[in-house]
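Report on one structure; see the data block that follows.
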Number of protein chains: 2
Amino acid sequence: MPKKRTINLALLGIGTIGGGVARALQSKKKTLARQAGSSLAIKAVVEKDVSRHGSQGLDKSIFTVDYEKAVYNPDIDIVIELIGGEYPAYYYIKEALTNGKHVVTANKELMAKHGAELLSIAHKHHAGLRFEASVGGGIPLISPFQRDLVANDIQAIYAIVNGTTNYILTRMAHDGLDFNVALKQAQKLGYAEANPDNDIGGLDAAYKLAILTSLGFDMDVNFDEVYYEGISKLRSRDFRYASELGYAIKLLAIAKRSGNRVEARVHPVFIPAESLLAKVDGVYNAIYVSGDLVGNVLFYGQGAGPSATSSAVIADVINIAQNINTRRDNAPRFIPEKTSGILPMTAIETRYYFRMIVLDQPGVLARIAAAMGDHKISISSVIQKESDPSNRTAEIVIMTHPATEKAVQEAIKIINRLKVVKEISNFIRVEAI
Amino acid sequence: MPKKRTINLALLGIGTIGGGVARALQSKKKTLARQAGSSLAIKAVVEKDVSRHGSQGLDKSIFTVDYEKAVYNPDIDIVIELIGGEYPAYYYIKEALTNGKHVVTANKELMAKHGAELLSIAHKHHAGLRFEASVGGGIPLISPFQRDLVANDIQAIYAIVNGTTNYILTRMAHDGLDFNVALKQAQKLGYAEANPDNDIGGLDAAYKLAILTSLGFDMDVNFDEVYYEGISKLRSRDFRYASELGYAIKLLAIAKRSGNRVEARVHPVFIPAESLLAKVDGVYNAIYVSGDLVGNVLFYGQGAGPSATSSAVIADVINIAQNINTRRDNAPRFIPEKTSGILPMTAIETRYYFRMIVLDQPGVLARIAAAMGDHKISISSVIQKESDPSNRTAEIVIMTHPATEKAVQEAIKIINRLKVVKEISNFIRVEAI
């Protein structure tokens with residue numbers, strides 16, 4: 001390939017991820033230039049707080065606090081946005097695209113909330129907008145949906161896309177740890193942030209699910225319609241029962257065709273212990289996709305971290321650079337369309353696991369079964385094991401046949417009112433993957 | 001997207017895979033047209049023996065036995081080669097590319113042996129040459145290497161790429177079946193061919209490994225340098241010992257950076273039982289890739305079958321069609337270069353498992369250990385369990401520390417000459433994945 005002019009990059013943000021990208025761009029200069037067809041040079045870094053992460057070996061003269069020096073700079077070809085969060089990233093990217101800059105971003109929140117709009121702005125201005133790093137770190141996921149699986153009608157996506165929670169669940173399952181202990185260990189190891197709410201509450205996974213759903217089902221997902229629920233209600237006894245019943249518990253991001261609508265939900269799930277997803281441990285991510293032609297495929301790898309994430313960010317940069325060099329249009333090929341959208345959570349249908357404390361006396365199960373039966377929920381199995389003679393209570397676990405969420409929520413209200421039921425300690429949805 | 005003219009396809013071969021592709025192209029016409037940006041129409045089918053698989057609902061008038069009617073036909077945009085085998089596929093594809101046709105192929109043997117040459121012909125004629133279906137059926141593999149992992153220096157690839165052997169090994173491991181019984185069951189279920197030699201002998205996996213090695217290490221692999229060995233020497237007792245030692249046995253295709261050369265070899269391998277690859281059962285395929293940035297990623301799915309394979313074939317077709325419609329060059333971006341190539345098998349270094357029958361008398365182990373020690377092979381563990389009093393023999397299993405293949409082969413010669421050793425029943429390489 002004949003040598004082309006240098007492709008100039010601007011980095012927005014040089015924190016943990018930005019630092020990783022900056023280091024890789026410098027240390028692998030030669031390899032990357034060969035792949036891109038021309039040198040890649042960082043010409044501007046926009047960062048408010050350089051003192052925090054240092055200059056990563058870059059010339060301090062290219063640092064600025066003024067984003068306009070990147071997005072309006074005629075020398076810049078590609079803007080790499082690694083600030084994260086909705087604002088001001090949204091404005092920066094919009095300005096960059098409108099000025100014909102190509103954009104690479106790892107910003108899941110932004111793509112989840114404004115993906116369709118930004119892609120259509122990019123398209124209008126013949127600019128590239130790539131976001132492979134926004135889901136699953138370095139695992140190829142966005143591009144397989146955009147390229148490799150396009151002949152398929154996607155039926156379902158089941159994804160472990162949050163390493164923090166998967167680490168915590170792994171420790172709870174394998175070492176019998178309580179949630180709080182496992183969380184503290186995750187924080188100690190740097191797998192969970194000081195404020196872990198977005199991870200353990202399921203919000204982070206919901207952003208990623210919105211992106212995957214949009215890609216898998218060619219739809220402009222309204223993020224507010226994505227249901228999410230975190231892992232903090234799980235107790236070590238849930239894991240013991242799961243194991244006894246032949247299941248594992250994972251926080252899954254699920255997108256599933258349901259008639260002419262799509263389910264999109266994040267919550268803890270019982271999945272068969274022998275399924276491959278059940279074996280994805282620690283901070284690893286995995287995405288399981290079911291398509292009408294391809295059958296089931298699974299993608300697995302490190303879902304976070306500066307090095308893995310820079311693999312995806314730089315692949316996007318190289319891809320854009322190759323297109324610049326061969327004069328191909330970098331405009332997004334596909335802008336998802338507004339559709340009838342997401343099935344309301346109440347309408348989903350699945351199996352359920354219940355754990356409850358009941359009075360240890362005859363006829364209790366009959367009453368619970370009747371309350372469930374009234375809502376067309378049929379019981380598939382019951383475990384009753386530990387009774388507490390001092391309180392005359394017992395713990396029972398019920399697995400149901402498929403039922404709608406609406407029926408289950410209504411039955412829960414009725415069951416909570418039964419005098420023989422002390423508490424519904426937990427209920428967890430069950431998926432047959 | 002404005003509607004573009006129809007993209008015309010020619011199918012070379014309408015056997016099992018070709019039939020699947022033809023069916024999917026017809027039944028999913030609308031979805032595919034939306035993705036491609038224009039209709040995809042099969043305008044010619046070259047097939048010698050239509051009676052075998054039928055016309056798959058296509059108009060009989062487009063069938064021909066004359067390949068020239070496809071590759072020289074000015075109406076044809078994309079030639080889809082699904083005949084398989086080296087010749088005449090090689091000539092057909094060469095002619096098609098030279099005539100400016102784009103080519104999609106699932107032909108692993110051809111790409112393994114002539115990939116670099118055909119890619120460079122395609123490049124010269126600005127024609128596309130895609131081969132996603134040649135490895136791993138519908139699992140996205142070729143395109144992740146070409147696009148998503150380009151920022152990485154690939155360190156290793158460990159792949160289960162032959163479903164037939166993985167099915168047989170799974171039955172041997174889980175059900176204690178003998179090789180011949182497992183093979184017969186595989187044949188009965190259609191997972192193994194009547195003549196299964198290419199699969200069980202490792203040749204099929206070696207073709208795929210040559211392609212993966214070429215992609216992962218940017219090199220023009222000389223197929224003759226790829227080492228391969230099949231699974232027929234494995235006995236059910238090997239699986240019992242493996243399990244006892246904490247391992248599984250898989251037929252792996254391995255490509256690994258070793259100094260400035262690359263190992264490329266297919267053979268049965270002991271891998272840790274807890275590794276994800278060990279859990280890939282039945283006819284499924286999985287490819288584990290280790291890169292300097294991305295860390296470890298794994299791709300999993302159905303590696304064969306008309307439906308999964310057509311997912312990859314049609315994705316390639318759609319990708320070419322999109323480029324035609326947006327006037328992008330379809331020429332391959334990267335032609336692998338001739339390099340110093342593959343490390344000879346004798347130079348690889350790994351751990352080994354030995355199973356042998358020895359005389360049940362004192363001092364035997366000392367002699368074997370000495371023979372190994374003379375070749376700098378150090379023993380890490382020994383199991384001696386079953387002795388046969390009638391013959392005064394015992395079976396011992398030895399696990400070594402890392403040693404070179406050369407040293408091991410020489411030690412085997414010496415050990416075979418020891419009077420106290422009745423036979424070396426098997427030896428299997430061990431990888432710490």
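Chain labels A, B, ... are given in the sequence in which chains occur in the structure tokens; within each chain residues are numbered consecutively from 1, and ligands are likewise numbered from 1 in the order shown.
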Report task. Define the interface residues of chain B facing chain A as those within 8 Å, counting only C-alpha atoms, and report them as a PyMOL selection string. Result -> chain B and resi 31-32+35+138-140+143-144+147-152+276+279+293-302+307-312+314-316+318-319+328-329
Residues from the last selection, N, CA and C atoms, saved as a tab-separated table (two decimals), in the first residue's frame:
```tsv
chain	number	residue	atom	x	y	z
B	31	THR	N	-35.67	-9.19	4.07
B	31	THR	CA	-34.67	-8.81	5.08
B	31	THR	C	-33.33	-8.56	4.41
B	32	LEU	N	-32.93	-9.49	3.55
B	32	LEU	CA	-31.61	-9.39	2.95
B	32	LEU	C	-31.51	-8.18	2.03
B	35	GLN	N	-30.92	-5.12	4.08
B	35	GLN	CA	-29.55	-5.04	4.57
B	35	GLN	C	-28.57	-4.70	3.44
B	138	GLY	N	-20.89	-20.36	10.95
B	138	GLY	CA	-21.46	-19.02	11.05
B	138	GLY	C	-20.81	-18.15	12.11
B	139	ILE	N	-19.87	-18.70	12.87
B	139	ILE	CA	-19.22	-17.90	13.92
B	139	ILE	C	-18.38	-16.80	13.27
B	140	PRO	N	-18.60	-15.54	13.64
B	140	PRO	CA	-17.75	-14.49	13.08
B	140	PRO	C	-16.30	-14.69	13.53
B	143	SER	N	-13.74	-11.98	9.96
B	143	SER	CA	-13.88	-10.53	10.03
B	143	SER	C	-13.41	-9.94	11.37
B	144	PRO	N	-13.59	-10.60	12.52
B	144	PRO	CA	-12.94	-10.08	13.73
B	144	PRO	C	-11.42	-9.94	13.58
B	147	ARG	N	-10.84	-6.99	11.16
B	147	ARG	CA	-11.31	-5.67	11.55
B	147	ARG	C	-11.13	-5.37	13.03
B	148	ASP	N	-11.66	-6.26	13.89
B	148	ASP	CA	-11.80	-5.90	15.30
B	148	ASP	C	-10.53	-6.06	16.12
B	149	LEU	N	-9.67	-6.99	15.71
B	149	LEU	CA	-8.49	-7.27	16.52
B	149	LEU	C	-7.22	-6.70	15.90
B	150	VAL	N	-7.36	-5.83	14.89
B	150	VAL	CA	-6.19	-5.36	14.15
B	150	VAL	C	-5.18	-4.56	14.98
B	151	ALA	N	-5.63	-4.02	16.10
B	151	ALA	CA	-4.68	-3.26	16.92
B	151	ALA	C	-3.80	-4.18	17.76
B	152	ASN	N	-4.12	-5.46	17.77
B	152	ASN	CA	-3.41	-6.41	18.62
B	152	ASN	C	-2.25	-7.11	17.92
B	276	LEU	N	-12.55	-22.58	29.64
B	276	LEU	CA	-13.82	-22.50	28.92
B	276	LEU	C	-13.81	-23.44	27.70
B	279	LYS	N	-15.07	-26.83	28.12
B	279	LYS	CA	-16.53	-26.96	28.30
B	279	LYS	C	-17.29	-26.87	26.99
B	293	LEU	N	-3.43	-6.51	23.53
B	293	LEU	CA	-4.32	-5.50	24.11
B	293	LEU	C	-5.61	-6.13	24.65
B	294	VAL	N	-6.22	-6.94	23.83
B	294	VAL	CA	-7.58	-7.42	24.15
B	294	VAL	C	-7.58	-8.47	25.26
B	295	GLY	N	-6.41	-9.05	25.54
B	295	GLY	CA	-6.39	-10.16	26.49
B	295	GLY	C	-6.92	-11.40	25.79
B	296	ASN	N	-7.76	-12.19	26.49
B	296	ASN	CA	-8.29	-13.41	25.90
B	296	ASN	C	-9.74	-13.23	25.48
B	297	VAL	N	-10.03	-13.55	24.24
B	297	VAL	CA	-11.42	-13.55	23.80
B	297	VAL	C	-11.74	-14.93	23.23
B	298	LEU	N	-13.01	-15.28	23.30
B	298	LEU	CA	-13.44	-16.57	22.79
B	298	LEU	C	-14.70	-16.39	21.95
B	299	PHE	N	-14.74	-17.09	20.82
B	299	PHE	CA	-15.89	-17.09	19.92
B	299	PHE	C	-16.42	-18.51	19.85
B	300	TYR	N	-17.71	-18.66	20.00
B	300	TYR	CA	-18.30	-19.99	20.12
B	300	TYR	C	-19.55	-20.10	19.28
B	301	GLY	N	-19.79	-21.25	18.70
B	301	GLY	CA	-21.03	-21.45	17.95
B	301	GLY	C	-20.99	-22.72	17.12
B	302	GLN	N	-22.00	-22.87	16.26
B	302	GLN	CA	-22.06	-24.03	15.37
B	302	GLN	C	-21.06	-23.86	14.25
B	307	SER	N	-27.40	-24.17	7.52
B	307	SER	CA	-28.00	-22.94	7.98
B	307	SER	C	-26.95	-21.99	8.56
B	308	ALA	N	-26.14	-22.49	9.51
B	308	ALA	CA	-25.09	-21.66	10.11
B	308	ALA	C	-24.11	-21.17	9.04
B	309	THR	N	-23.74	-22.06	8.12
B	309	THR	CA	-22.78	-21.67	7.10
B	309	THR	C	-23.37	-20.60	6.18
B	310	SER	N	-24.67	-20.72	5.89
B	310	SER	CA	-25.27	-19.71	5.01
B	310	SER	C	-25.32	-18.35	5.69
B	311	SER	N	-25.37	-18.32	7.02
B	311	SER	CA	-25.30	-17.04	7.74
B	311	SER	C	-24.02	-16.29	7.37
B	312	ALA	N	-22.91	-17.02	7.33
B	312	ALA	CA	-21.62	-16.39	7.00
B	312	ALA	C	-21.52	-16.07	5.51
B	314	ILE	N	-23.90	-15.49	3.35
B	314	ILE	CA	-24.78	-14.39	2.94
B	314	ILE	C	-24.30	-13.06	3.55
B	315	ALA	N	-23.71	-13.10	4.74
B	315	ALA	CA	-23.13	-11.87	5.29
B	315	ALA	C	-22.05	-11.34	4.35
B	316	ASP	N	-21.22	-12.23	3.84
B	316	ASP	CA	-20.19	-11.82	2.88
B	316	ASP	C	-20.82	-11.23	1.62
B	318	ILE	N	-23.78	-9.84	1.34
B	318	ILE	CA	-24.39	-8.54	1.67
B	318	ILE	C	-23.33	-7.46	1.78
B	319	ASN	N	-22.22	-7.81	2.41
B	319	ASN	CA	-21.15	-6.83	2.56
B	319	ASN	C	-20.62	-6.37	1.21
B	328	ARG	N	-17.90	1.47	-3.07
B	328	ARG	CA	-16.64	1.25	-2.35
B	328	ARG	C	-15.91	0.08	-3.02
B	329	ASP	N	-14.62	0.16	-2.98
B	329	ASP	CA	-13.79	-0.90	-3.54
B	329	ASP	C	-13.94	-2.14	-2.65
```
Query - Shell around A:Ile78 at 9 Å using only C-alpha atoms, local window under 4 positions removed, as a list in words - result: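 Near neighbours after the sequence-gap exclusion: Ile7, Asn8, Leu9, Ala10, Leu11, Ala96, Lys101, His102, Val103, Val104, Gly128, Val317, Ile320 and Ala321 of chain A.
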Report task. Compile the contact shell of B:Ser55 as a list in words: residues with an atom at most 9 Å away, counting only C-alpha atoms, same-chain residues fewer than 6 positions apart removed. Result ->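 Here the answer would be Ile14, Gly19 and Phe63 of chain B.
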Write out as a compact mmCIF listing (two decimals) with N, CA and C atoms, in the first residue's frame the residues lying within 10 Å of A:Pro196, counting only C-alpha atoms and excluding same-chain residues fewer than 3 positions away.
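Contents of the output file part-v3.txt:
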```txt
# COMPACT_ATOMS: atom_id res chain seq x y z
N THR A 164 -18.24 -6.03 37.16
CA THR A 164 -18.32 -5.83 38.61
C THR A 164 -19.32 -6.79 39.23
N THR A 165 -20.54 -6.79 38.68
CA THR A 165 -21.57 -7.66 39.26
C THR A 165 -21.25 -9.13 39.01
N LEU A 183 -18.93 -7.48 47.63
CA LEU A 183 -18.79 -6.12 47.09
C LEU A 183 -17.53 -5.46 47.62
N ALA A 186 -14.56 -6.80 45.89
CA ALA A 186 -14.50 -6.27 44.53
C ALA A 186 -13.92 -4.85 44.53
N GLN A 187 -14.33 -4.07 45.53
CA GLN A 187 -13.81 -2.69 45.62
C GLN A 187 -12.31 -2.70 45.91
N TYR A 191 -12.28 -3.85 41.15
CA TYR A 191 -13.32 -4.31 40.23
C TYR A 191 -14.64 -3.56 40.44
N ALA A 192 -14.74 -2.87 41.57
CA ALA A 192 -15.94 -2.07 41.81
C ALA A 192 -15.50 -0.68 42.22
N GLU A 193 -16.28 0.33 41.82
CA GLU A 193 -15.94 1.69 42.18
C GLU A 193 -16.34 1.99 43.62
N ASP A 199 -23.27 0.11 38.71
CA ASP A 199 -23.00 -1.28 38.36
C ASP A 199 -23.96 -2.23 39.06
N ILE A 200 -23.98 -2.17 40.40
CA ILE A 200 -24.79 -3.17 41.11
C ILE A 200 -26.28 -2.92 40.94
N GLY A 201 -26.66 -1.70 40.58
CA GLY A 201 -28.07 -1.41 40.35
C GLY A 201 -28.56 -1.80 38.96
```
Query raised in the report: Leaving out stretch 82-88 of chain A and any residue of its chain fewer than 3 positions from it, which residues lie within 8 Å of it when counting only C-alpha atoms, given as JSON, numbers by chain?
Result: {"A": [11, 12, 13, 14, 15, 17, 18, 91, 92, 105, 106, 107, 108, 109, 110]}
Only C-alpha atoms, please: the residues just picked out, written as a PDB file, in the first residue's frame.
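What ended up in again00.pdb:
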```pdb
ATOM      1  CA  LEU A  11      -8.316  12.620  22.489  1.00  0.00           C
ATOM      2  CA  LEU A  12     -11.187  13.954  24.576  1.00  0.00           C
ATOM      3  CA  GLY A  13     -10.312  12.794  28.071  1.00  0.00           C
ATOM      4  CA  ILE A  14      -7.100  11.135  29.203  1.00  0.00           C
ATOM      5  CA  GLY A  15      -8.255   9.301  32.321  1.00  0.00           C
ATOM      6  CA  ILE A  17      -9.241   4.536  29.404  1.00  0.00           C
ATOM      7  CA  GLY A  18      -7.821   7.526  27.554  1.00  0.00           C
ATOM      8  CA  TYR A  91     -22.323  18.331  22.613  1.00  0.00           C
ATOM      9  CA  TYR A  92     -18.694  17.621  21.827  1.00  0.00           C
ATOM     10  CA  THR A 105     -16.391   6.699  21.349  1.00  0.00           C
ATOM     11  CA  ALA A 106     -16.563   4.223  24.217  1.00  0.00           C
ATOM     12  CA  ASN A 107     -19.518   6.060  25.729  1.00  0.00           C
ATOM     13  CA  LYS A 108     -22.301   3.588  26.509  1.00  0.00           C
ATOM     14  CA  GLU A 109     -24.622   6.084  28.217  1.00  0.00           C
ATOM     15  CA  LEU A 110     -24.446   8.460  25.292  1.00  0.00           C
TER      16      LEU A 110
END
```
Report task. Extract, using only C-alpha atoms, all DNA, RNA and protein residues at most 10 Å from stretch 252-258 of chain B, discarding same-chain residues fewer than 4 positions from it, and format them as an MDAnalysis selection string. Result -> chainID B and resid 153:162 166 202 205:210 212:214 216:217 226:228 230 262:271 277 286:290 342:343 347:349 431
Keeping C-alpha atoms for every residue in the selection just given, could you write it to a file as an mmCIF file, in the first residue's frame?
```cif
data_model
loop_
_atom_site.group_PDB
_atom_site.id
_atom_site.type_symbol
_atom_site.label_atom_id
_atom_site.label_comp_id
_atom_site.auth_asym_id
_atom_site.auth_seq_id
_atom_site.Cartn_x
_atom_site.Cartn_y
_atom_site.Cartn_z
ATOM 1 C CA ASP B 153 -0.274 -8.433 18.265
ATOM 2 C CA ILE B 154 -1.821 -11.888 18.425
ATOM 3 C CA GLN B 155 0.035 -14.155 20.815
ATOM 4 C CA ALA B 156 -1.907 -17.381 20.474
ATOM 5 C CA ILE B 157 -4.955 -19.018 18.923
ATOM 6 C CA TYR B 158 -6.410 -22.203 20.407
ATOM 7 C CA ALA B 159 -9.311 -23.518 18.388
ATOM 8 C CA ILE B 160 -11.842 -26.313 18.338
ATOM 9 C CA VAL B 161 -12.707 -26.128 14.659
ATOM 10 C CA ASN B 162 -13.868 -29.632 13.844
ATOM 11 C CA ASN B 166 -15.345 -32.688 19.176
ATOM 12 C CA GLY B 202 -6.955 -33.693 11.720
ATOM 13 C CA ALA B 205 -8.768 -28.724 11.289
ATOM 14 C CA ALA B 206 -5.342 -28.133 9.728
ATOM 15 C CA TYR B 207 -6.894 -26.335 6.729
ATOM 16 C CA LYS B 208 -8.785 -24.076 9.092
ATOM 17 C CA LEU B 209 -5.704 -23.525 11.233
ATOM 18 C CA ALA B 210 -3.718 -22.445 8.174
ATOM 19 C CA LEU B 212 -6.527 -18.611 11.095
ATOM 20 C CA THR B 213 -2.731 -18.493 11.331
ATOM 21 C CA SER B 214 -2.498 -16.483 8.157
ATOM 22 C CA GLY B 216 -3.772 -13.850 13.086
ATOM 23 C CA PHE B 217 -0.106 -13.515 12.243
ATOM 24 C CA VAL B 226 1.232 -27.181 9.335
ATOM 25 C CA TYR B 227 1.559 -30.224 11.589
ATOM 26 C CA TYR B 228 -1.526 -32.346 12.135
ATOM 27 C CA GLY B 230 -5.832 -37.002 14.594
ATOM 28 C CA VAL B 262 4.870 -19.200 14.668
ATOM 29 C CA GLU B 263 3.827 -22.652 15.832
ATOM 30 C CA ALA B 264 0.964 -24.139 13.806
ATOM 31 C CA ARG B 265 -0.186 -27.576 14.857
ATOM 32 C CA VAL B 266 -3.288 -29.724 15.229
ATOM 33 C CA HIS B 267 -3.309 -32.611 17.697
ATOM 34 C CA PRO B 268 -5.111 -33.874 20.799
ATOM 35 C CA VAL B 269 -4.290 -31.754 23.825
ATOM 36 C CA PHE B 270 -4.714 -31.964 27.586
ATOM 37 C CA ILE B 271 -6.216 -28.651 28.700
ATOM 38 C CA LEU B 277 -12.580 -24.468 25.884
ATOM 39 C CA ALA B 286 -14.863 -22.385 19.705
ATOM 40 C CA ILE B 287 -11.880 -20.226 18.986
ATOM 41 C CA TYR B 288 -9.829 -18.717 21.782
ATOM 42 C CA VAL B 289 -7.590 -15.809 20.828
ATOM 43 C CA SER B 290 -4.988 -14.125 22.967
ATOM 44 C CA ILE B 342 6.238 -21.932 10.761
ATOM 45 C CA LEU B 343 8.400 -23.337 13.542
ATOM 46 C CA ALA B 347 11.259 -27.260 18.039
ATOM 47 C CA ILE B 348 8.026 -26.718 19.961
ATOM 48 C CA GLU B 349 8.180 -26.833 23.719
ATOM 49 C CA GLU B 431 -1.291 -26.869 27.098
#
```
**Report entry** In stretch 198-335 of chain A, DSSP alpha helix (DSSP H) residues written as a PyMOL selection string
**Finding:** chain A and resi 198-200+203-216+236-244+306-325
**Report entry** strand (DSSP E or B) positions in stretch 184-329 of chain B, given as JSON, numbers by chain
**Finding:** {"B": [219, 227, 228, 247, 248, 249, 250, 251, 252, 253, 254, 255, 256, 257, 258, 261, 262, 263, 264, 265, 266, 267, 268, 269, 270, 271, 272, 284, 285, 286, 287, 288, 289, 290, 291, 295, 296, 297, 298, 299, 300, 301, 302]}
Take the residues just selected and output them with N, CA and C atoms as a short mmCIF file (atom, residue, chain, number, x, y, z; two decimals), in the first residue's frame.
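The file below, out.cif, is the result:
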```
data_model
loop_
_atom_site.label_atom_id
_atom_site.label_comp_id
_atom_site.auth_asym_id
_atom_site.auth_seq_id
_atom_site.Cartn_x
_atom_site.Cartn_y
_atom_site.Cartn_z
N MET B 219 0.57 -13.70 7.84
CA MET B 219 1.61 -14.40 7.11
C MET B 219 1.00 -15.34 6.08
N TYR B 227 1.55 -28.86 11.05
CA TYR B 227 1.56 -30.22 11.59
C TYR B 227 0.15 -30.64 11.96
N TYR B 228 -0.23 -31.86 11.63
CA TYR B 228 -1.53 -32.35 12.13
C TYR B 228 -1.50 -33.82 12.45
N TYR B 247 -7.81 -32.47 33.89
CA TYR B 247 -7.74 -32.02 32.50
C TYR B 247 -8.91 -32.55 31.67
N ALA B 248 -9.13 -31.91 30.52
CA ALA B 248 -9.99 -32.46 29.48
C ALA B 248 -9.11 -32.70 28.26
N ILE B 249 -9.57 -33.55 27.35
CA ILE B 249 -8.83 -33.78 26.11
C ILE B 249 -9.63 -33.22 24.94
N LYS B 250 -9.01 -32.34 24.18
CA LYS B 250 -9.66 -31.75 23.01
C LYS B 250 -8.70 -31.83 21.82
N LEU B 251 -9.26 -31.93 20.63
CA LEU B 251 -8.44 -31.78 19.43
C LEU B 251 -8.34 -30.29 19.16
N LEU B 252 -7.15 -29.73 19.38
CA LEU B 252 -6.99 -28.28 19.20
C LEU B 252 -6.16 -27.96 17.98
N ALA B 253 -6.56 -26.88 17.33
CA ALA B 253 -5.73 -26.24 16.32
C ALA B 253 -5.04 -25.08 17.02
N ILE B 254 -3.72 -25.13 17.07
CA ILE B 254 -2.96 -24.16 17.87
C ILE B 254 -2.03 -23.35 16.96
N ALA B 255 -2.11 -22.04 17.09
CA ALA B 255 -1.13 -21.17 16.43
C ALA B 255 -0.59 -20.26 17.51
N LYS B 256 0.71 -20.17 17.59
CA LYS B 256 1.30 -19.50 18.75
C LYS B 256 2.59 -18.80 18.34
N ARG B 257 2.73 -17.57 18.72
CA ARG B 257 3.98 -16.85 18.48
C ARG B 257 5.09 -17.52 19.26
N SER B 258 6.23 -17.73 18.62
CA SER B 258 7.37 -18.37 19.28
C SER B 258 8.61 -17.68 18.74
N ARG B 261 9.00 -16.70 14.97
CA ARG B 261 8.27 -17.65 14.14
C ARG B 261 6.95 -18.00 14.81
N VAL B 262 6.20 -18.87 14.17
CA VAL B 262 4.87 -19.20 14.67
C VAL B 262 4.70 -20.72 14.68
N GLU B 263 4.19 -21.24 15.79
CA GLU B 263 3.83 -22.65 15.83
C GLU B 263 2.46 -22.81 15.18
N ALA B 264 2.28 -23.86 14.40
CA ALA B 264 0.96 -24.14 13.81
C ALA B 264 0.78 -25.64 13.81
N ARG B 265 -0.08 -26.13 14.68
CA ARG B 265 -0.19 -27.58 14.86
C ARG B 265 -1.57 -27.98 15.33
N VAL B 266 -2.00 -29.14 14.86
CA VAL B 266 -3.29 -29.72 15.23
C VAL B 266 -3.01 -31.08 15.84
N HIS B 267 -3.46 -31.29 17.06
CA HIS B 267 -3.31 -32.61 17.70
C HIS B 267 -4.15 -32.64 18.96
N PRO B 268 -4.38 -33.82 19.52
CA PRO B 268 -5.11 -33.87 20.80
C PRO B 268 -4.30 -33.19 21.88
N VAL B 269 -4.97 -32.52 22.78
CA VAL B 269 -4.29 -31.75 23.82
C VAL B 269 -4.99 -31.96 25.16
N PHE B 270 -4.21 -32.10 26.21
CA PHE B 270 -4.71 -31.96 27.59
C PHE B 270 -4.84 -30.47 27.89
N ILE B 271 -6.06 -30.04 28.23
CA ILE B 271 -6.22 -28.65 28.70
C ILE B 271 -6.90 -28.66 30.06
N PRO B 272 -6.63 -27.66 30.90
CA PRO B 272 -7.23 -27.64 32.24
C PRO B 272 -8.76 -27.76 32.16
N TYR B 284 -20.16 -28.36 18.64
CA TYR B 284 -19.84 -26.94 18.66
C TYR B 284 -18.35 -26.66 18.41
N ASN B 285 -18.09 -25.49 17.91
CA ASN B 285 -16.73 -25.00 17.69
C ASN B 285 -16.47 -23.83 18.64
N ALA B 286 -15.21 -23.58 18.94
CA ALA B 286 -14.86 -22.38 19.71
C ALA B 286 -13.43 -22.00 19.39
N ILE B 287 -13.22 -20.72 19.30
CA ILE B 287 -11.88 -20.23 18.99
C ILE B 287 -11.48 -19.23 20.06
N TYR B 288 -10.34 -19.51 20.67
CA TYR B 288 -9.83 -18.72 21.78
C TYR B 288 -8.63 -17.96 21.25
N VAL B 289 -8.65 -16.65 21.39
CA VAL B 289 -7.59 -15.81 20.83
C VAL B 289 -6.99 -14.96 21.94
N SER B 290 -5.68 -14.90 21.97
CA SER B 290 -4.99 -14.13 22.97
C SER B 290 -4.21 -13.01 22.27
N GLY B 291 -4.54 -11.76 22.63
CA GLY B 291 -3.87 -10.62 22.00
C GLY B 291 -3.27 -9.71 23.05
N GLY B 295 -6.41 -9.05 25.54
CA GLY B 295 -6.39 -10.16 26.49
C GLY B 295 -6.92 -11.40 25.79
N ASN B 296 -7.76 -12.19 26.49
CA ASN B 296 -8.29 -13.41 25.90
C ASN B 296 -9.74 -13.23 25.48
N VAL B 297 -10.03 -13.55 24.24
CA VAL B 297 -11.42 -13.55 23.80
C VAL B 297 -11.74 -14.93 23.23
N LEU B 298 -13.01 -15.28 23.30
CA LEU B 298 -13.44 -16.57 22.79
C LEU B 298 -14.70 -16.39 21.95
N PHE B 299 -14.74 -17.09 20.82
CA PHE B 299 -15.89 -17.09 19.92
C PHE B 299 -16.42 -18.51 19.85
N TYR B 300 -17.71 -18.66 20.00
CA TYR B 300 -18.30 -19.99 20.12
C TYR B 300 -19.55 -20.10 19.28
N GLY B 301 -19.79 -21.25 18.70
CA GLY B 301 -21.03 -21.45 17.95
C GLY B 301 -20.99 -22.72 17.12
N GLN B 302 -22.00 -22.87 16.26
CA GLN B 302 -22.06 -24.03 15.37
C GLN B 302 -21.06 -23.86 14.25
#
```
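The smallest atom-to-atom distance between B:Ile324 and any of B:Thr6, B:Asn426, B:Ser51, B:Ser134, using only C-alpha atoms, is found for B:Thr6.
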Query - Long-range neighbours of B:Ser61 as a PyMOL selection string, 10 Å cut-off, only C-alpha atoms, 4 positions minimum in chain - result: chain B and resi 43-45
